[in-house]
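> For reference, the structure I am asking about is given below.
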Amino acid sequence: MLDGMPRHAWVAFAASVLLAACAGPAVSFPNATPAAPRTVPAAEIRPDGAGPFPAVVLMHGCHGVSASTRDWGRWFRARGYVALIVDSWGPRGIRDGCVPGPDIPNTERFDDAVGALRWLHARPYVDRRRVGVVGWSNGGVFAMAVVNGPSLQRARARGVEVPEPGFGAAVAMYPGGCYSLVNERVVRPLLLLVGDADDWTLPSECARMVEAMRARGAEATIVLYPGAVHYFDVAGQPRVVLPEVENRNKPGGCCGATVGYDPAADADAHGRIEAFFAHHLGAR
């Protein structure tokens, strides 16, 4: 599906990288891998009441579920969404997916997202017509893939069926893998947010992908934040270079990337995401 894509994602603080039971009730679901589904843990955060509510699947980056992921989950709940935070690393024994080391097939995280969608469809308080997905960095490319026409075709060819009507809209925050989808086309609305100074996810590649998709008729939008870098939405993250992380833009694919919080970009991203999902998922 996205062969050869290195792992990219975001870092807040290593101590906060845990699947957070405190974020909401711990749940689990089988992913969509045919013949050998994997049990994937998650945290569900949902509004009070019977619903039905719109929902959003949250796909973490290479450092796994963090305090920032949980903050986003609570933010979605406050706006009337069921938030399902998927932990793709825990069941695979991955502690740090950002540093050089063995990788997993790209299909596995795609199948995690589809399994999450199936689980949400089975909840009586979720409106299956109004489910979106948001992903950060490594998770961002899978948020794009699950609404990408050719990716869905490849999934069907290996026996993975996405339950109708699928994901209604997708948000990708500084996603890895834009270069791998430049010749393809999303079939649902996509909002992509990235800093124009990001040296881990190159904004030029993402802009080229969106431009090409739009030329093919896709409903895709990209916002470039001046001076912002990776993790611009991670409050408290100092602007530093992480010397140990894989980076395909460096010689030999290793190592180092700049990260840092940008309050202006973060505020704008929250506003755009709220408006985007409200328009496409119809949040109350």
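Chains: A, B, ... in order of the structure tokens. Residues: from 1 per chain. Ligands: from 1, in order shown.
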Find the spatial neighbours of range 233-241 of chain A, counting only C-alpha atoms, within a cut-off of 7 Å - ignore same-chain residues fewer than 4 positions away - and output them as a PyMOL selection string.

chain A and resi 12+68+256-262+266

> Just checking: using only C-alpha atoms, which residue out of A:Thr33, A:Ser66, A:Ser88, A:Ser137 ends up closest to Ala155 in chain A?

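Result for the nearest residue to Ala155 in chain A: A:Thr33.
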
> Using only C-alpha atoms, which protein or nucleic acid residues come within 9 Å of Cys255 in chain A? Drop anything in the same chain fewer than 6 positions from it, and give the result as an MDAnalysis selection string.

chainID A and resid 99:100 242:249

> Next, dump the selected residues to file, keeping only N, CA, C and O atoms, as an mmCIF file, in the first residue's frame.


```
data_model
loop_
_atom_site.group_PDB
_atom_site.id
_atom_site.type_symbol
_atom_site.label_atom_id
_atom_site.label_comp_id
_atom_site.auth_asym_id
_atom_site.auth_seq_id
_atom_site.Cartn_x
_atom_site.Cartn_y
_atom_site.Cartn_z
ATOM 1 N N VAL A 99 12.899 5.785 16.288
ATOM 2 C CA VAL A 99 14.329 5.545 16.133
ATOM 3 C C VAL A 99 14.557 4.409 15.145
ATOM 4 O O VAL A 99 13.669 3.593 14.896
ATOM 5 N N PRO A 100 15.733 4.339 14.546
ATOM 6 C CA PRO A 100 15.998 3.261 13.589
ATOM 7 C C PRO A 100 15.792 1.888 14.222
ATOM 8 O O PRO A 100 16.141 1.658 15.377
ATOM 9 N N LEU A 242 15.671 16.816 17.653
ATOM 10 C CA LEU A 242 15.737 15.465 18.203
ATOM 11 C C LEU A 242 16.767 14.692 17.389
ATOM 12 O O LEU A 242 16.509 14.339 16.232
ATOM 13 N N PRO A 243 17.941 14.424 17.949
ATOM 14 C CA PRO A 243 19.024 13.881 17.129
ATOM 15 C C PRO A 243 18.877 12.407 16.775
ATOM 16 O O PRO A 243 19.528 11.929 15.850
ATOM 17 N N GLU A 244 18.011 11.674 17.502
ATOM 18 C CA GLU A 244 17.989 10.221 17.383
ATOM 19 C C GLU A 244 16.940 9.691 16.429
ATOM 20 O O GLU A 244 16.923 8.494 16.117
ATOM 21 N N VAL A 245 16.045 10.537 15.926
ATOM 22 C CA VAL A 245 14.897 10.026 15.184
ATOM 23 C C VAL A 245 15.235 9.806 13.711
ATOM 24 O O VAL A 245 16.037 10.529 13.114
ATOM 25 N N GLU A 246 14.596 8.795 13.136
ATOM 26 C CA GLU A 246 14.728 8.559 11.708
ATOM 27 C C GLU A 246 14.177 9.742 10.924
ATOM 28 O O GLU A 246 13.178 10.339 11.307
ATOM 29 N N ASN A 247 14.827 10.047 9.821
ATOM 30 C CA ASN A 247 14.362 11.137 8.971
ATOM 31 C C ASN A 247 14.818 10.856 7.543
ATOM 32 O O ASN A 247 16.007 10.936 7.237
ATOM 33 N N ARG A 248 13.878 10.520 6.677
ATOM 34 C CA ARG A 248 14.229 10.164 5.302
ATOM 35 C C ARG A 248 14.843 11.328 4.532
ATOM 36 O O ARG A 248 15.424 11.142 3.450
ATOM 37 N N ASN A 249 14.722 12.548 5.077
ATOM 38 C CA ASN A 249 15.278 13.714 4.410
ATOM 39 C C ASN A 249 16.746 13.943 4.737
ATOM 40 O O ASN A 249 17.361 14.850 4.183
#
```

> Find the residues near Arg214 in chain A: any atom within 10 Å, counting only C-alpha atoms, skip ones fewer than 6 places away on the same chain, and give them as a list in words.

Arg185, Val186, Arg208, Ala220 and Thr221 of chain A

> Go ahead and save the residues from that selection, with N, CA and C atoms, as a PDB file, in the first residue's frame.


```pdb
ATOM      1  N   ARG A 185      -5.536   9.643  -5.248  1.00  0.00           N
ATOM      2  CA  ARG A 185      -6.585  10.642  -5.018  1.00  0.00           C
ATOM      3  C   ARG A 185      -7.491  10.214  -3.876  1.00  0.00           C
ATOM      4  N   VAL A 186      -7.658  11.110  -2.911  1.00  0.00           N
ATOM      5  CA  VAL A 186      -8.610  10.835  -1.843  1.00  0.00           C
ATOM      6  C   VAL A 186     -10.030  10.974  -2.379  1.00  0.00           C
ATOM      7  N   ARG A 208       2.639  19.378  -3.012  1.00  0.00           N
ATOM      8  CA  ARG A 208       2.609  18.774  -4.351  1.00  0.00           C
ATOM      9  C   ARG A 208       1.537  17.684  -4.420  1.00  0.00           C
ATOM     10  N   ALA A 220      -9.454  18.389  -1.379  1.00  0.00           N
ATOM     11  CA  ALA A 220      -8.287  18.368  -0.499  1.00  0.00           C
ATOM     12  C   ALA A 220      -7.783  19.784  -0.291  1.00  0.00           C
ATOM     13  N   THR A 221      -7.416  20.087   0.950  1.00  0.00           N
ATOM     14  CA  THR A 221      -6.938  21.420   1.322  1.00  0.00           C
ATOM     15  C   THR A 221      -5.683  21.277   2.163  1.00  0.00           C
TER      16      THR A 221
END
```

> Find the residue from A:Gln153, A:Asn31, A:Thr39, A:Asn183 that sits nearest to Glu211 in chain A; use only C-alpha atoms when measuring.

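Using only C-alpha atoms, Glu211 in chain A sits closest to A:Asn183.
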
> Within 12 Å of Ala36 in chain A, counting only C-alpha atoms, which residues show up once you throw out same-chain ones fewer than 5 positions away? Write them as a list in words, please.

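The contact residues come out as Pro30, Asn31, Glu108, Asp111, Gly159 and Val160 of chain A.
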
> Would you put the residues from that selection into a file with all heavy atoms, as a PDB file, in the first residue's frame?


```
ATOM      1  N   PRO A  30     -10.727  -6.176  17.390  1.00  0.00           N
ATOM      2  CA  PRO A  30      -9.893  -6.861  16.407  1.00  0.00           C
ATOM      3  C   PRO A  30      -9.655  -5.943  15.213  1.00  0.00           C
ATOM      4  O   PRO A  30     -10.588  -5.281  14.739  1.00  0.00           O
ATOM      5  CB  PRO A  30     -10.720  -8.087  16.014  1.00  0.00           C
ATOM      6  CG  PRO A  30     -12.130  -7.668  16.258  1.00  0.00           C
ATOM      7  CD  PRO A  30     -12.099  -6.709  17.424  1.00  0.00           C
ATOM      8  N   ASN A  31      -8.414  -5.879  14.749  1.00  0.00           N
ATOM      9  CA  ASN A  31      -8.210  -5.081  13.551  1.00  0.00           C
ATOM     10  C   ASN A  31      -8.714  -5.845  12.332  1.00  0.00           C
ATOM     11  O   ASN A  31      -9.266  -6.947  12.455  1.00  0.00           O
ATOM     12  CB  ASN A  31      -6.772  -4.594  13.429  1.00  0.00           C
ATOM     13  CG  ASN A  31      -5.807  -5.652  12.926  1.00  0.00           C
ATOM     14  OD1 ASN A  31      -6.160  -6.822  12.719  1.00  0.00           O
ATOM     15  ND2 ASN A  31      -4.559  -5.259  12.738  1.00  0.00           N
ATOM     16  N   GLU A 108      -0.651  -2.831   8.452  1.00  0.00           N
ATOM     17  CA  GLU A 108      -1.137  -3.098   9.804  1.00  0.00           C
ATOM     18  C   GLU A 108      -1.841  -1.900  10.413  1.00  0.00           C
ATOM     19  O   GLU A 108      -2.893  -2.031  11.038  1.00  0.00           O
ATOM     20  CB  GLU A 108       0.014  -3.584  10.689  1.00  0.00           C
ATOM     21  CG  GLU A 108       0.544  -4.952  10.265  1.00  0.00           C
ATOM     22  CD  GLU A 108       1.319  -5.657  11.356  1.00  0.00           C
ATOM     23  OE1 GLU A 108       1.034  -5.404  12.554  1.00  0.00           O
ATOM     24  OE2 GLU A 108       2.208  -6.451  11.016  1.00  0.00           O
ATOM     25  N   ASP A 111      -5.143  -1.414   8.784  1.00  0.00           N
ATOM     26  CA  ASP A 111      -6.118  -2.373   9.313  1.00  0.00           C
ATOM     27  C   ASP A 111      -6.576  -2.003  10.721  1.00  0.00           C
ATOM     28  O   ASP A 111      -7.720  -2.288  11.095  1.00  0.00           O
ATOM     29  CB  ASP A 111      -5.519  -3.774   9.313  1.00  0.00           C
ATOM     30  CG  ASP A 111      -5.280  -4.305   7.904  1.00  0.00           C
ATOM     31  OD1 ASP A 111      -5.704  -3.652   6.937  1.00  0.00           O
ATOM     32  OD2 ASP A 111      -4.651  -5.371   7.778  1.00  0.00           O
ATOM     33  N   GLY A 159      -8.554  -8.576   0.824  1.00  0.00           N
ATOM     34  CA  GLY A 159      -9.638  -9.077   1.645  1.00  0.00           C
ATOM     35  C   GLY A 159     -10.120  -8.162   2.740  1.00  0.00           C
ATOM     36  O   GLY A 159     -10.890  -8.596   3.613  1.00  0.00           O
ATOM     37  N   VAL A 160      -9.723  -6.897   2.738  1.00  0.00           N
ATOM     38  CA  VAL A 160     -10.158  -5.941   3.760  1.00  0.00           C
ATOM     39  C   VAL A 160     -11.268  -5.069   3.190  1.00  0.00           C
ATOM     40  O   VAL A 160     -11.049  -4.305   2.240  1.00  0.00           O
ATOM     41  CB  VAL A 160      -8.989  -5.053   4.232  1.00  0.00           C
ATOM     42  CG1 VAL A 160      -9.491  -3.986   5.215  1.00  0.00           C
ATOM     43  CG2 VAL A 160      -7.907  -5.895   4.880  1.00  0.00           C
TER      44      VAL A 160
END
```

> Please, which residues of range 143-217 of chain A, numbered as in this document, come out helix (DSSP H, G or I) from DSSP, as a PyMOL selection string?

chain A and resi 143-145+149-157+178-181+203-215

> Would you mind exporting N, CA, C and O atoms of the selected residues as a CSV table (one decimal), in the first residue's frame?


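Okay, this is what ended up in out_25.csv:
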```
chain,number,residue,atom,x,y,z
A,143,ALA,N,-4.4,8.2,8.1
A,143,ALA,CA,-5.6,9.0,8.0
A,143,ALA,C,-5.9,9.3,6.6
A,143,ALA,O,-7.1,9.4,6.2
A,144,MET,N,-4.9,9.6,5.8
A,144,MET,CA,-5.1,9.9,4.4
A,144,MET,C,-5.4,8.6,3.6
A,144,MET,O,-6.3,8.5,2.8
A,145,ALA,N,-4.7,7.5,4.0
A,145,ALA,CA,-4.8,6.2,3.2
A,145,ALA,C,-6.3,5.7,3.3
A,145,ALA,O,-6.8,5.1,2.3
A,149,GLY,N,-8.7,6.5,-2.6
A,149,GLY,CA,-9.3,5.5,-3.5
A,149,GLY,C,-8.4,4.3,-3.8
A,149,GLY,O,-8.8,3.2,-3.6
A,150,PRO,N,-7.2,4.5,-4.3
A,150,PRO,CA,-6.3,3.4,-4.6
A,150,PRO,C,-5.9,2.6,-3.4
A,150,PRO,O,-5.8,1.3,-3.5
A,151,SER,N,-5.8,3.2,-2.2
A,151,SER,CA,-5.5,2.4,-1.0
A,151,SER,C,-6.6,1.5,-0.7
A,151,SER,O,-6.4,0.4,-0.2
A,152,LEU,N,-7.8,2.0,-0.8
A,152,LEU,CA,-9.0,1.2,-0.5
A,152,LEU,C,-9.1,0.1,-1.5
A,152,LEU,O,-9.5,-1.0,-1.1
A,153,GLN,N,-8.8,0.3,-2.8
A,153,GLN,CA,-8.8,-0.8,-3.8
A,153,GLN,C,-7.8,-1.9,-3.4
A,153,GLN,O,-8.1,-3.1,-3.5
A,154,ARG,N,-6.6,-1.4,-3.0
A,154,ARG,CA,-5.6,-2.4,-2.6
A,154,ARG,C,-6.0,-3.2,-1.4
A,154,ARG,O,-5.7,-4.4,-1.3
A,155,ALA,N,-6.7,-2.5,-0.5
A,155,ALA,CA,-7.2,-3.2,0.7
A,155,ALA,C,-8.2,-4.3,0.3
A,155,ALA,O,-8.1,-5.4,0.8
A,156,ARG,N,-9.1,-3.9,-0.5
A,156,ARG,CA,-10.1,-4.9,-1.0
A,156,ARG,C,-9.5,-6.1,-1.6
A,156,ARG,O,-9.9,-7.2,-1.5
A,157,ALA,N,-8.4,-5.9,-2.4
A,157,ALA,CA,-7.7,-6.9,-3.1
A,157,ALA,C,-7.1,-8.0,-2.1
A,157,ALA,O,-7.0,-9.1,-2.5
A,178,CYS,N,3.5,11.8,2.3
A,178,CYS,CA,2.8,12.5,1.2
A,178,CYS,C,3.3,12.1,-0.2
A,178,CYS,O,2.6,12.0,-1.1
A,179,TYR,N,4.6,11.9,-0.3
A,179,TYR,CA,5.3,11.5,-1.5
A,179,TYR,C,4.7,10.2,-2.1
A,179,TYR,O,4.7,10.0,-3.3
A,180,SER,N,4.2,9.3,-1.2
A,180,SER,CA,3.8,8.0,-1.6
A,180,SER,C,2.4,8.1,-2.2
A,180,SER,O,1.9,7.1,-2.8
A,181,LEU,N,1.7,9.2,-2.0
A,181,LEU,CA,0.3,9.3,-2.5
A,181,LEU,C,0.1,10.4,-3.6
A,181,LEU,O,-1.0,10.7,-4.0
A,203,PRO,N,7.0,20.0,3.7
A,203,PRO,CA,5.8,20.7,3.3
A,203,PRO,C,5.7,20.7,1.8
A,203,PRO,O,4.6,20.7,1.2
A,204,SER,N,6.8,20.8,1.1
A,204,SER,CA,6.8,20.8,-0.4
A,204,SER,C,6.2,19.5,-0.9
A,204,SER,O,5.4,19.6,-1.9
A,205,GLU,N,6.5,18.4,-0.3
A,205,GLU,CA,5.9,17.1,-0.8
A,205,GLU,C,4.4,17.1,-0.6
A,205,GLU,O,3.7,16.6,-1.4
A,206,CYS,N,4.0,17.6,0.6
A,206,CYS,CA,2.5,17.5,0.9
A,206,CYS,C,1.8,18.5,0.0
A,206,CYS,O,0.7,18.2,-0.5
A,207,ALA,N,2.4,19.7,-0.3
A,207,ALA,CA,1.7,20.6,-1.1
A,207,ALA,C,1.6,20.1,-2.6
A,207,ALA,O,0.6,20.2,-3.2
A,208,ARG,N,2.6,19.4,-3.0
A,208,ARG,CA,2.6,18.8,-4.4
A,208,ARG,C,1.5,17.7,-4.4
A,208,ARG,O,0.8,17.6,-5.4
A,209,MET,N,1.4,16.9,-3.3
A,209,MET,CA,0.4,15.8,-3.3
A,209,MET,C,-1.0,16.4,-3.4
A,209,MET,O,-1.8,16.0,-4.2
A,210,VAL,N,-1.3,17.5,-2.6
A,210,VAL,CA,-2.6,18.1,-2.6
A,210,VAL,C,-2.9,18.7,-3.9
A,210,VAL,O,-4.0,18.6,-4.4
A,211,GLU,N,-1.9,19.4,-4.5
A,211,GLU,CA,-2.1,20.0,-5.8
A,211,GLU,C,-2.5,19.0,-6.8
A,211,GLU,O,-3.4,19.2,-7.6
A,212,ALA,N,-1.8,17.9,-6.8
A,212,ALA,CA,-2.0,16.8,-7.8
A,212,ALA,C,-3.4,16.2,-7.6
A,212,ALA,O,-4.1,15.9,-8.5
A,213,MET,N,-3.8,16.0,-6.3
A,213,MET,CA,-5.1,15.4,-6.0
A,213,MET,C,-6.2,16.3,-6.4
A,213,MET,O,-7.2,15.9,-7.0
A,214,ARG,N,-6.0,17.6,-6.1
A,214,ARG,CA,-7.1,18.5,-6.5
A,214,ARG,C,-7.2,18.6,-8.0
A,214,ARG,O,-8.4,18.7,-8.5
A,215,ALA,N,-6.1,18.4,-8.8
A,215,ALA,CA,-6.2,18.4,-10.2
A,215,ALA,C,-7.0,17.2,-10.7
A,215,ALA,O,-7.6,17.3,-11.8
```

> Excluding Leu191 in chain A and residues on its chain fewer than 4 positions from it, collect all residues at most 10 Å away from it, counting only C-alpha atoms, and give them as number ranges by chain.

A: 134, 144, 169-173, 210, 219-223, 272-273, 276-277

> Any chance you can output those residues with C-alpha atoms as a PDB file, in the first residue's frame?


```pdb
ATOM      1  CA  VAL A 134      -7.366  12.339  12.333  1.00  0.00           C
ATOM      2  CA  MET A 144      -5.116   9.868   4.388  1.00  0.00           C
ATOM      3  CA  ALA A 169     -13.627  13.071   6.315  1.00  0.00           C
ATOM      4  CA  ALA A 170      -9.959  13.037   7.290  1.00  0.00           C
ATOM      5  CA  VAL A 171      -7.452  15.393   8.901  1.00  0.00           C
ATOM      6  CA  ALA A 172      -3.708  14.824   8.575  1.00  0.00           C
ATOM      7  CA  MET A 173      -1.368  16.749  10.858  1.00  0.00           C
ATOM      8  CA  VAL A 210      -2.592  18.078  -2.552  1.00  0.00           C
ATOM      9  CA  GLU A 219     -11.642  17.736  -2.167  1.00  0.00           C
ATOM     10  CA  ALA A 220      -8.287  18.368  -0.499  1.00  0.00           C
ATOM     11  CA  THR A 221      -6.938  21.420   1.322  1.00  0.00           C
ATOM     12  CA  ILE A 222      -3.500  22.162   2.743  1.00  0.00           C
ATOM     13  CA  VAL A 223      -2.559  24.887   5.226  1.00  0.00           C
ATOM     14  CA  ARG A 272      -9.892  24.772  11.287  1.00  0.00           C
ATOM     15  CA  ILE A 273     -10.381  21.195  12.504  1.00  0.00           C
ATOM     16  CA  PHE A 276     -13.942  21.104   9.028  1.00  0.00           C
ATOM     17  CA  PHE A 277     -15.463  18.244  10.992  1.00  0.00           C
TER      18      PHE A 277
END
```

> Do you know which residues are at most 12 Å from Asp268 in chain A counting only C-alpha atoms, after dropping those on the same chain fewer than 5 positions away, and could you put them as a ChimeraX atom specification?

/A:193-195,223-226,228,232-233,262-263,273-275

> Would you compute the distance between CA of Gly253 in chain A and CA of Glu184 in chain A? Give it in Å to one decimal.

24.3 Å

> Could you jot down the CA of Arg70 in chain A to CA of Glu161 in chain A separation for me, Å, one decimal place?

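One can read the CA of Arg70 in chain A to CA of Glu161 in chain A distance as 28.7 Å.
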
> In Å, rounded to a single decimal, give me how far CA of Val86 in chain A is from CA of Pro41 in chain A.

6.5 Å

> Would you please work out which residue, of A:Ala78, A:Ala265, A:Arg216, A:Cys254, is nearest to Asp196 in chain A when using only C-alpha atoms?

A:Ala265
